[in-house]
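Peer 1: So here's work24.csv, just CSV, N, CA and C atoms:
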chain,number,residue,atom,x,y,z
A,1,MET,N,0.8,-1.2,0.0
A,1,MET,CA,0.0,0.0,0.0
A,1,MET,C,0.9,1.2,0.0
A,2,ALA,N,0.7,2.0,-1.0
A,2,ALA,CA,1.5,3.2,-1.1
A,2,ALA,C,0.6,4.4,-0.9
A,3,LYS,N,1.2,5.4,-0.1
A,3,LYS,CA,0.5,6.6,0.1
A,3,LYS,C,1.4,7.8,-0.3
A,4,SER,N,0.8,8.8,-0.7
A,4,SER,CA,1.6,10.0,-1.1
A,4,SER,C,1.5,11.0,0.1
A,5,LYS,N,2.7,11.4,0.5
A,5,LYS,CA,2.8,12.4,1.6
A,5,LYS,C,3.8,13.5,1.2
A,6,GLY,N,3.3,14.5,0.7
A,6,GLY,CA,4.1,15.7,0.3
A,6,GLY,C,5.0,15.3,-0.9
A,7,GLY,N,4.5,14.6,-1.8
A,7,GLY,CA,5.3,14.2,-3.0
A,7,GLY,C,6.2,13.0,-2.8
A,8,LYS,N,6.2,12.5,-1.6
A,8,LYS,CA,7.1,11.4,-1.3
A,8,LYS,C,6.2,10.1,-1.1
A,9,VAL,N,6.6,9.1,-1.7
A,9,VAL,CA,5.8,7.8,-1.6
A,9,VAL,C,6.2,7.1,-0.4
A,10,VAL,N,5.2,6.8,0.5
A,10,VAL,CA,5.5,6.1,1.7
A,10,VAL,C,4.7,4.8,1.7
A,11,GLU,N,5.4,3.8,2.1
A,11,GLU,CA,4.8,2.5,2.1
A,11,GLU,C,4.7,2.0,3.5
A,12,TRP,N,3.7,1.2,3.7
A,12,TRP,CA,3.5,0.6,5.0
A,12,TRP,C,4.4,-0.7,5.1
A,13,CYS,N,5.1,-0.8,6.1
A,13,CYS,CA,5.9,-2.0,6.3
A,13,CYS,C,5.1,-3.0,7.2
A,14,SER,N,4.8,-4.1,6.7
A,14,SER,CA,3.9,-5.0,7.4
A,14,SER,C,4.6,-5.6,8.6
A,15,SER,N,5.9,-5.7,8.6
A,15,SER,CA,6.6,-6.3,9.7
A,15,SER,C,6.7,-5.4,10.9
A,16,PHE,N,6.6,-4.1,10.6
A,16,PHE,CA,6.8,-3.1,11.7
A,16,PHE,C,5.4,-2.5,12.1
A,17,GLY,N,4.5,-2.4,11.1
A,17,GLY,CA,3.3,-1.8,11.3
A,17,GLY,C,3.4,-0.3,11.4
A,18,LYS,N,4.5,0.2,10.9
A,18,LYS,CA,4.7,1.7,10.9
A,18,LYS,C,5.0,2.2,9.5
A,19,GLN,N,5.0,3.5,9.3
A,19,GLN,CA,5.3,4.0,8.0
A,19,GLN,C,6.8,4.2,7.9
A,20,ARG,N,7.4,3.8,6.8
A,20,ARG,CA,8.8,4.0,6.6
A,20,ARG,C,9.0,4.3,5.1
A,21,GLY,N,9.7,5.3,4.8
A,21,GLY,CA,10.0,5.7,3.5
A,21,GLY,C,10.8,4.8,2.7
A,22,ASP,N,11.7,4.1,3.4
A,22,ASP,CA,12.7,3.2,2.6
A,22,ASP,C,12.3,1.7,2.7
A,23,CYS,N,11.2,1.4,3.3
A,23,CYS,CA,10.7,0.0,3.4
A,23,CYS,C,10.2,-0.5,2.1
A,24,LEU,N,10.9,-1.5,1.6
A,24,LEU,CA,10.4,-2.1,0.4
A,24,LEU,C,10.2,-3.6,0.6
A,25,ILE,N,10.0,-4.0,1.8
A,25,ILE,CA,9.8,-5.4,2.2
A,25,ILE,C,8.4,-5.8,1.8
A,26,LYS,N,8.4,-6.9,1.1
A,26,LYS,CA,7.2,-7.4,0.6
A,26,LYS,C,6.5,-8.2,1.8
A,27,PRO,N,5.3,-8.1,2.0
A,27,PRO,CA,4.6,-8.9,3.1
A,27,PRO,C,4.7,-10.4,2.8
A,28,PRO,N,4.9,-11.2,3.8
A,28,PRO,CA,5.1,-12.6,3.5
A,28,PRO,C,3.8,-13.2,2.9
A,29,VAL,N,3.9,-14.1,1.9
A,29,VAL,CA,2.8,-14.7,1.3
A,29,VAL,C,2.5,-16.0,2.0
A,30,LYS,N,1.3,-16.1,2.5
A,30,LYS,CA,1.0,-17.4,3.1
A,30,LYS,C,0.6,-18.4,2.1
A,31,LYS,N,1.0,-19.7,2.3
A,31,LYS,CA,0.7,-20.8,1.4
A,31,LYS,C,-0.8,-21.1,1.7
A,32,ASN,N,-1.4,-21.6,0.6
A,32,ASN,CA,-2.8,-22.0,0.7
A,32,ASN,C,-2.9,-23.2,1.6
A,33,THR,N,-3.9,-23.2,2.5
A,33,THR,CA,-4.0,-24.3,3.4
A,33,THR,C,-4.6,-25.5,2.6
A,34,ILE,N,-4.1,-26.6,2.9
A,34,ILE,CA,-4.6,-27.8,2.2
A,34,ILE,C,-5.5,-28.6,3.2
A,35,PRO,N,-6.8,-28.8,2.9
A,35,PRO,CA,-7.7,-29.4,3.9
A,35,PRO,C,-7.3,-30.9,4.0
A,36,ILE,N,-7.4,-31.4,5.2
A,36,ILE,CA,-7.1,-32.8,5.4
A,36,ILE,C,-8.4,-33.6,5.4
A,37,ASP,N,-8.3,-34.8,5.0
A,37,ASP,CA,-9.5,-35.7,4.9
A,37,ASP,C,-9.8,-36.1,6.3
A,38,LEU,N,-11.0,-35.7,6.8
A,38,LEU,CA,-11.4,-36.0,8.1
A,38,LEU,C,-12.1,-37.4,8.1
A,39,LYS,N,-11.8,-38.1,9.2
A,39,LYS,CA,-12.5,-39.4,9.4
A,39,LYS,C,-13.4,-39.2,10.6
A,40,LEU,N,-14.7,-39.0,10.4
A,40,LEU,CA,-15.6,-38.8,11.5
A,40,LEU,C,-16.0,-40.1,12.1
A,41,HIS,N,-16.3,-40.0,13.4
A,41,HIS,CA,-16.7,-41.2,14.1
A,41,HIS,C,-18.0,-41.8,13.5
A,42,ASN,N,-18.9,-41.0,13.0
A,42,ASN,CA,-20.1,-41.4,12.4
A,42,ASN,C,-19.8,-42.3,11.2
A,43,ASP,N,-18.8,-41.9,10.4
A,43,ASP,CA,-18.5,-42.7,9.2
A,43,ASP,C,-17.9,-44.0,9.6
A,44,ILE,N,-17.0,-44.1,10.5
A,44,ILE,CA,-16.4,-45.3,11.0
A,44,ILE,C,-17.5,-46.2,11.5
A,45,ARG,N,-18.4,-45.7,12.4
A,45,ARG,CA,-19.5,-46.4,13.0
A,45,ARG,C,-20.4,-47.0,11.9
A,46,ALA,N,-20.7,-46.2,10.9
A,46,ALA,CA,-21.6,-46.6,9.8
A,46,ALA,C,-21.0,-47.9,9.1
A,47,VAL,N,-19.7,-47.8,8.9
A,47,VAL,CA,-19.1,-49.0,8.2
A,47,VAL,C,-19.2,-50.2,9.1
A,48,GLU,N,-18.9,-50.0,10.4
A,48,GLU,CA,-18.9,-51.2,11.3
A,48,GLU,C,-20.3,-51.7,11.4
A,49,ARG,N,-21.3,-50.8,11.5
A,49,ARG,CA,-22.7,-51.2,11.6
A,49,ARG,C,-23.2,-52.0,10.3
A,50,ALA,N,-22.7,-51.5,9.2
A,50,ALA,CA,-23.1,-52.2,7.9
A,50,ALA,C,-22.5,-53.6,7.9
A,51,ARG,N,-21.3,-53.8,8.4
A,51,ARG,CA,-20.6,-55.1,8.5
A,51,ARG,C,-21.4,-56.0,9.4
A,52,PHE,N,-21.8,-55.4,10.6
A,52,PHE,CA,-22.5,-56.2,11.6
A,52,PHE,C,-23.9,-56.6,11.0
A,53,ALA,N,-24.6,-55.7,10.4
A,53,ALA,CA,-25.9,-56.0,9.8
A,53,ALA,C,-25.8,-57.1,8.8
A,54,HIS,N,-24.7,-57.1,8.0
A,54,HIS,CA,-24.5,-58.2,7.0
A,54,HIS,C,-24.3,-59.5,7.7
A,55,GLN,N,-23.5,-59.5,8.8
A,55,GLN,CA,-23.3,-60.8,9.6
A,55,GLN,C,-24.6,-61.3,10.1
A,56,VAL,N,-25.4,-60.4,10.7
A,56,VAL,CA,-26.7,-60.8,11.3
A,56,VAL,C,-27.6,-61.4,10.2
A,57,ALA,N,-27.7,-60.7,9.0
A,57,ALA,CA,-28.5,-61.2,7.9
A,57,ALA,C,-28.0,-62.6,7.5
A,58,GLU,N,-26.7,-62.8,7.4
A,58,GLU,CA,-26.1,-64.1,7.0
A,58,GLU,C,-26.5,-65.2,8.0
A,59,LYS,N,-26.4,-64.8,9.3
A,59,LYS,CA,-26.7,-65.8,10.3
A,59,LYS,C,-28.2,-66.2,10.3
A,60,ARG,N,-29.1,-65.2,10.1
A,60,ARG,CA,-30.5,-65.5,10.0
A,60,ARG,C,-30.8,-66.3,8.8
A,61,ARG,N,-30.1,-66.1,7.7
A,61,ARG,CA,-30.3,-66.9,6.5
A,61,ARG,C,-29.9,-68.3,6.7
A,62,LEU,N,-28.8,-68.5,7.4
A,62,LEU,CA,-28.3,-69.9,7.7
A,62,LEU,C,-29.3,-70.6,8.7
A,63,ILE,N,-29.8,-69.9,9.7
A,63,ILE,CA,-30.8,-70.5,10.6
A,63,ILE,C,-32.0,-70.9,9.9
A,64,LYS,N,-32.5,-70.0,9.0
A,64,LYS,CA,-33.7,-70.3,8.2
A,64,LYS,C,-33.5,-71.6,7.3
A,65,GLN,N,-32.3,-71.6,6.7
A,65,GLN,CA,-32.0,-72.8,5.9
A,65,GLN,C,-31.9,-74.0,6.7
A,66,TYR,N,-31.4,-73.9,7.9
A,66,TYR,CA,-31.2,-75.1,8.8
A,66,TYR,C,-32.6,-75.6,9.2
A,67,LYS,N,-33.5,-74.6,9.5
A,67,LYS,CA,-34.9,-75.0,9.9
A,67,LYS,C,-35.6,-75.7,8.8
A,68,MET,N,-35.5,-75.1,7.6
A,68,MET,CA,-36.2,-75.7,6.5
A,68,MET,C,-35.7,-77.1,6.2
A,69,GLU,N,-34.4,-77.3,6.3
A,69,GLU,CA,-33.8,-78.7,6.1
A,69,GLU,C,-34.3,-79.6,7.2
A,70,ARG,N,-34.4,-79.2,8.4
A,70,ARG,CA,-34.8,-80.0,9.5
A,70,ARG,C,-36.3,-80.4,9.3
A,71,GLU,N,-37.1,-79.4,8.9
A,71,GLU,CA,-38.5,-79.7,8.7
A,71,GLU,C,-38.7,-80.7,7.5
A,72,ARG,N,-37.9,-80.5,6.5
A,72,ARG,CA,-38.0,-81.5,5.3
A,72,ARG,C,-37.6,-82.9,5.8
A,73,GLN,N,-36.6,-83.0,6.6
A,73,GLN,CA,-36.1,-84.3,7.1
A,73,GLN,C,-37.2,-84.9,8.0
A,74,GLN,N,-37.9,-84.1,8.8
A,74,GLN,CA,-38.9,-84.6,9.7
A,74,GLN,C,-40.1,-85.1,8.9
A,75,LYS,N,-40.5,-84.3,7.8
A,75,LYS,CA,-41.6,-84.8,7.0
A,75,LYS,C,-41.3,-86.1,6.3
A,76,LEU,N,-40.1,-86.3,5.8
A,76,LEU,CA,-39.7,-87.5,5.2
A,76,LEU,C,-39.8,-88.7,6.2
A,77,GLU,N,-39.3,-88.4,7.4
A,77,GLU,CA,-39.4,-89.5,8.4
A,77,GLU,C,-40.8,-89.8,8.8
A,78,GLU,N,-41.7,-88.8,8.8
A,78,GLU,CA,-43.1,-89.1,9.1
A,78,GLU,C,-43.7,-89.9,8.0
A,79,GLN,N,-43.4,-89.6,6.7
A,79,GLN,CA,-44.0,-90.3,5.6
A,79,GLN,C,-43.5,-91.8,5.6
A,80,GLU,N,-42.2,-92.0,6.0
A,80,GLU,CA,-41.7,-93.3,6.0
A,80,GLU,C,-42.4,-94.1,7.2
A,81,GLU,N,-42.6,-93.4,8.3
A,81,GLU,CA,-43.3,-94.1,9.4
A,81,GLU,C,-44.8,-94.4,9.0
A,82,ILE,N,-45.5,-93.5,8.3
A,82,ILE,CA,-46.8,-93.8,7.8
A,82,ILE,C,-46.9,-95.0,6.9
A,83,LYS,N,-45.9,-95.1,6.0
A,83,LYS,CA,-45.8,-96.2,5.0
A,83,LYS,C,-45.6,-97.5,5.8
A,84,ARG,N,-44.7,-97.5,6.8
A,84,ARG,CA,-44.4,-98.7,7.5
A,84,ARG,C,-45.6,-99.1,8.3
A,85,LEU,N,-46.3,-98.2,8.9
A,85,LEU,CA,-47.5,-98.5,9.7
A,85,LEU,C,-48.6,-99.1,8.8
A,86,ARG,N,-48.8,-98.6,7.6
A,86,ARG,CA,-49.8,-99.0,6.7
A,86,ARG,C,-49.5,-100.5,6.3
A,87,LYS,N,-48.2,-100.8,6.1
A,87,LYS,CA,-47.9,-102.2,5.7
A,87,LYS,C,-48.2,-103.1,6.8
A,88,GLU,N,-47.9,-102.7,8.1
A,88,GLU,CA,-48.1,-103.6,9.2
A,88,GLU,C,-49.6,-103.7,9.6
A,89,LEU,N,-50.4,-102.8,9.3
A,89,LEU,CA,-51.8,-102.8,9.6
A,89,LEU,C,-52.5,-103.9,8.9
A,90,ILE,N,-53.2,-104.7,9.7
A,90,ILE,CA,-54.0,-105.8,9.1
A,90,ILE,C,-55.4,-105.4,8.9
A,91,PRO,N,-55.9,-105.5,7.7
A,91,PRO,CA,-57.3,-105.1,7.5
A,91,PRO,C,-58.3,-106.1,8.2
A,92,LYS,N,-59.3,-105.5,8.9
A,92,LYS,CA,-60.2,-106.3,9.7
A,92,LYS,C,-61.5,-106.7,8.9
A,93,ALA,N,-61.6,-106.3,7.7
A,93,ALA,CA,-62.8,-106.5,7.0
A,93,ALA,C,-62.9,-107.8,6.3
Kindly present the structure from the file in structure tokens form.

Peer 2:
Amino acid sequence: MAKSKGGKVVEWCSSFGKQRGDCLIKPPVKKNTIPIDLKLHNDIRAVERARFAHQVAEKRRLIKQYKMERERQQKLEEQEEIKRLRKELIPKA
């Protein structure tokens, strides 16, 4: 910043904060700040929760599959038992 004072150019010296006629020091140029990538707790928790939800869904699917297999096996055993009892049954007529 230059100001004219009685025909003389006076510049502000940023390091001193005063007027000096012979000060030609350039103010220091600050580097642009580079934003850092933030890892918020919410983001981390969301990933962990998604992983947990996937595990729970997989466990429920396996339990359902196991129950269906057990029911199918039980129905087959009941059918075999019914066939065996029908063969052993003697008609009374």

Peer 1: To one decimal in Å, tell me the separation between atom C of Val56 (chain A) and atom N of Met68 (chain A).

Peer 2: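 Going from atom C of Val56 (chain A) over to atom N of Met68 (chain A) covers 16.0 Å.
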
Peer 1: For CA of Glu78 (chain A) and CA of Lys59 (chain A), determine how far apart the two atoms are, in Å to one decimal place.

Peer 2: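 That distance, rounded to one decimal, is 28.5 Å.
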
Peer 1: Would you mind reading off the distance between CA of Arg51 (chain A) and CA of Lys39 (chain A), one decimal, in Å?

Peer 2: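 Between CA of Arg51 (chain A) and CA of Lys39 (chain A) the gap works out to 17.7 Å.
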
Peer 1: Start from the incomplete input, build N, CA, C and O atoms for region 66-88 of chain A, and deliver everything as a PDB file, keeping the file's coordinate frame.

Peer 2:
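Contents of the output file result_7.pdb:
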ATOM      1  N   TYR A  66     -31.400 -73.900   7.900  1.00  0.00           N
ATOM      2  CA  TYR A  66     -31.200 -75.100   8.800  1.00  0.00           C
ATOM      3  C   TYR A  66     -32.600 -75.600   9.200  1.00  0.00           C
ATOM      4  O   TYR A  66     -32.914 -76.785   9.186  1.00  0.00           O
ATOM      5  N   LYS A  67     -33.500 -74.600   9.500  1.00  0.00           N
ATOM      6  CA  LYS A  67     -34.900 -75.000   9.900  1.00  0.00           C
ATOM      7  C   LYS A  67     -35.600 -75.700   8.800  1.00  0.00           C
ATOM      8  O   LYS A  67     -36.337 -76.695   9.024  1.00  0.00           O
ATOM      9  N   MET A  68     -35.500 -75.100   7.600  1.00  0.00           N
ATOM     10  CA  MET A  68     -36.200 -75.700   6.500  1.00  0.00           C
ATOM     11  C   MET A  68     -35.700 -77.100   6.200  1.00  0.00           C
ATOM     12  O   MET A  68     -36.486 -78.060   5.922  1.00  0.00           O
ATOM     13  N   GLU A  69     -34.400 -77.300   6.300  1.00  0.00           N
ATOM     14  CA  GLU A  69     -33.800 -78.700   6.100  1.00  0.00           C
ATOM     15  C   GLU A  69     -34.300 -79.600   7.200  1.00  0.00           C
ATOM     16  O   GLU A  69     -34.642 -80.798   6.863  1.00  0.00           O
ATOM     17  N   ARG A  70     -34.400 -79.200   8.400  1.00  0.00           N
ATOM     18  CA  ARG A  70     -34.800 -80.000   9.500  1.00  0.00           C
ATOM     19  C   ARG A  70     -36.300 -80.400   9.300  1.00  0.00           C
ATOM     20  O   ARG A  70     -36.689 -81.555   9.521  1.00  0.00           O
ATOM     21  N   GLU A  71     -37.100 -79.400   8.900  1.00  0.00           N
ATOM     22  CA  GLU A  71     -38.500 -79.700   8.700  1.00  0.00           C
ATOM     23  C   GLU A  71     -38.700 -80.700   7.500  1.00  0.00           C
ATOM     24  O   GLU A  71     -39.561 -81.618   7.578  1.00  0.00           O
ATOM     25  N   ARG A  72     -37.900 -80.500   6.500  1.00  0.00           N
ATOM     26  CA  ARG A  72     -38.000 -81.500   5.300  1.00  0.00           C
ATOM     27  C   ARG A  72     -37.600 -82.900   5.800  1.00  0.00           C
ATOM     28  O   ARG A  72     -38.310 -83.851   5.426  1.00  0.00           O
ATOM     29  N   GLN A  73     -36.600 -83.000   6.600  1.00  0.00           N
ATOM     30  CA  GLN A  73     -36.100 -84.300   7.100  1.00  0.00           C
ATOM     31  C   GLN A  73     -37.200 -84.900   8.000  1.00  0.00           C
ATOM     32  O   GLN A  73     -37.471 -86.096   7.871  1.00  0.00           O
ATOM     33  N   GLN A  74     -37.900 -84.100   8.800  1.00  0.00           N
ATOM     34  CA  GLN A  74     -38.900 -84.600   9.700  1.00  0.00           C
ATOM     35  C   GLN A  74     -40.100 -85.100   8.900  1.00  0.00           C
ATOM     36  O   GLN A  74     -40.681 -86.121   9.175  1.00  0.00           O
ATOM     37  N   LYS A  75     -40.500 -84.300   7.800  1.00  0.00           N
ATOM     38  CA  LYS A  75     -41.600 -84.800   7.000  1.00  0.00           C
ATOM     39  C   LYS A  75     -41.300 -86.100   6.300  1.00  0.00           C
ATOM     40  O   LYS A  75     -42.165 -86.984   6.191  1.00  0.00           O
ATOM     41  N   LEU A  76     -40.100 -86.300   5.800  1.00  0.00           N
ATOM     42  CA  LEU A  76     -39.700 -87.500   5.200  1.00  0.00           C
ATOM     43  C   LEU A  76     -39.800 -88.700   6.200  1.00  0.00           C
ATOM     44  O   LEU A  76     -40.242 -89.770   5.856  1.00  0.00           O
ATOM     45  N   GLU A  77     -39.300 -88.400   7.400  1.00  0.00           N
ATOM     46  CA  GLU A  77     -39.400 -89.500   8.400  1.00  0.00           C
ATOM     47  C   GLU A  77     -40.800 -89.800   8.800  1.00  0.00           C
ATOM     48  O   GLU A  77     -41.161 -91.031   8.923  1.00  0.00           O
ATOM     49  N   GLU A  78     -41.700 -88.800   8.800  1.00  0.00           N
ATOM     50  CA  GLU A  78     -43.100 -89.100   9.100  1.00  0.00           C
ATOM     51  C   GLU A  78     -43.700 -89.900   8.000  1.00  0.00           C
ATOM     52  O   GLU A  78     -44.537 -90.816   8.220  1.00  0.00           O
ATOM     53  N   GLN A  79     -43.400 -89.600   6.700  1.00  0.00           N
ATOM     54  CA  GLN A  79     -44.000 -90.300   5.600  1.00  0.00           C
ATOM     55  C   GLN A  79     -43.500 -91.800   5.600  1.00  0.00           C
ATOM     56  O   GLN A  79     -44.271 -92.672   5.347  1.00  0.00           O
ATOM     57  N   GLU A  80     -42.200 -92.000   6.000  1.00  0.00           N
ATOM     58  CA  GLU A  80     -41.700 -93.300   6.000  1.00  0.00           C
ATOM     59  C   GLU A  80     -42.400 -94.100   7.200  1.00  0.00           C
ATOM     60  O   GLU A  80     -42.743 -95.278   6.995  1.00  0.00           O
ATOM     61  N   GLU A  81     -42.600 -93.400   8.300  1.00  0.00           N
ATOM     62  CA  GLU A  81     -43.300 -94.100   9.400  1.00  0.00           C
ATOM     63  C   GLU A  81     -44.800 -94.400   9.000  1.00  0.00           C
ATOM     64  O   GLU A  81     -45.257 -95.520   9.336  1.00  0.00           O
ATOM     65  N   ILE A  82     -45.500 -93.500   8.300  1.00  0.00           N
ATOM     66  CA  ILE A  82     -46.800 -93.800   7.800  1.00  0.00           C
ATOM     67  C   ILE A  82     -46.900 -95.000   6.900  1.00  0.00           C
ATOM     68  O   ILE A  82     -47.701 -95.902   7.012  1.00  0.00           O
ATOM     69  N   LYS A  83     -45.900 -95.100   6.000  1.00  0.00           N
ATOM     70  CA  LYS A  83     -45.800 -96.200   5.000  1.00  0.00           C
ATOM     71  C   LYS A  83     -45.600 -97.500   5.800  1.00  0.00           C
ATOM     72  O   LYS A  83     -46.218 -98.541   5.481  1.00  0.00           O
ATOM     73  N   ARG A  84     -44.700 -97.500   6.800  1.00  0.00           N
ATOM     74  CA  ARG A  84     -44.400 -98.700   7.500  1.00  0.00           C
ATOM     75  C   ARG A  84     -45.600 -99.100   8.300  1.00  0.00           C
ATOM     76  O   ARG A  84     -45.958-100.320   8.358  1.00  0.00           O
ATOM     77  N   LEU A  85     -46.300 -98.200   8.900  1.00  0.00           N
ATOM     78  CA  LEU A  85     -47.500 -98.500   9.700  1.00  0.00           C
ATOM     79  C   LEU A  85     -48.600 -99.100   8.800  1.00  0.00           C
ATOM     80  O   LEU A  85     -49.368 -99.999   9.217  1.00  0.00           O
ATOM     81  N   ARG A  86     -48.800 -98.600   7.600  1.00  0.00           N
ATOM     82  CA  ARG A  86     -49.800 -99.000   6.700  1.00  0.00           C
ATOM     83  C   ARG A  86     -49.500-100.500   6.300  1.00  0.00           C
ATOM     84  O   ARG A  86     -50.442-101.281   6.066  1.00  0.00           O
ATOM     85  N   LYS A  87     -48.200-100.800   6.100  1.00  0.00           N
ATOM     86  CA  LYS A  87     -47.900-102.200   5.700  1.00  0.00           C
ATOM     87  C   LYS A  87     -48.200-103.100   6.800  1.00  0.00           C
ATOM     88  O   LYS A  87     -48.592-104.258   6.612  1.00  0.00           O
ATOM     89  N   GLU A  88     -47.900-102.700   8.100  1.00  0.00           N
ATOM     90  CA  GLU A  88     -48.100-103.600   9.200  1.00  0.00           C
ATOM     91  C   GLU A  88     -49.600-103.700   9.600  1.00  0.00           C
ATOM     92  O   GLU A  88     -49.962-104.736  10.192  1.00  0.00           O
TER      93      GLU A  88
END
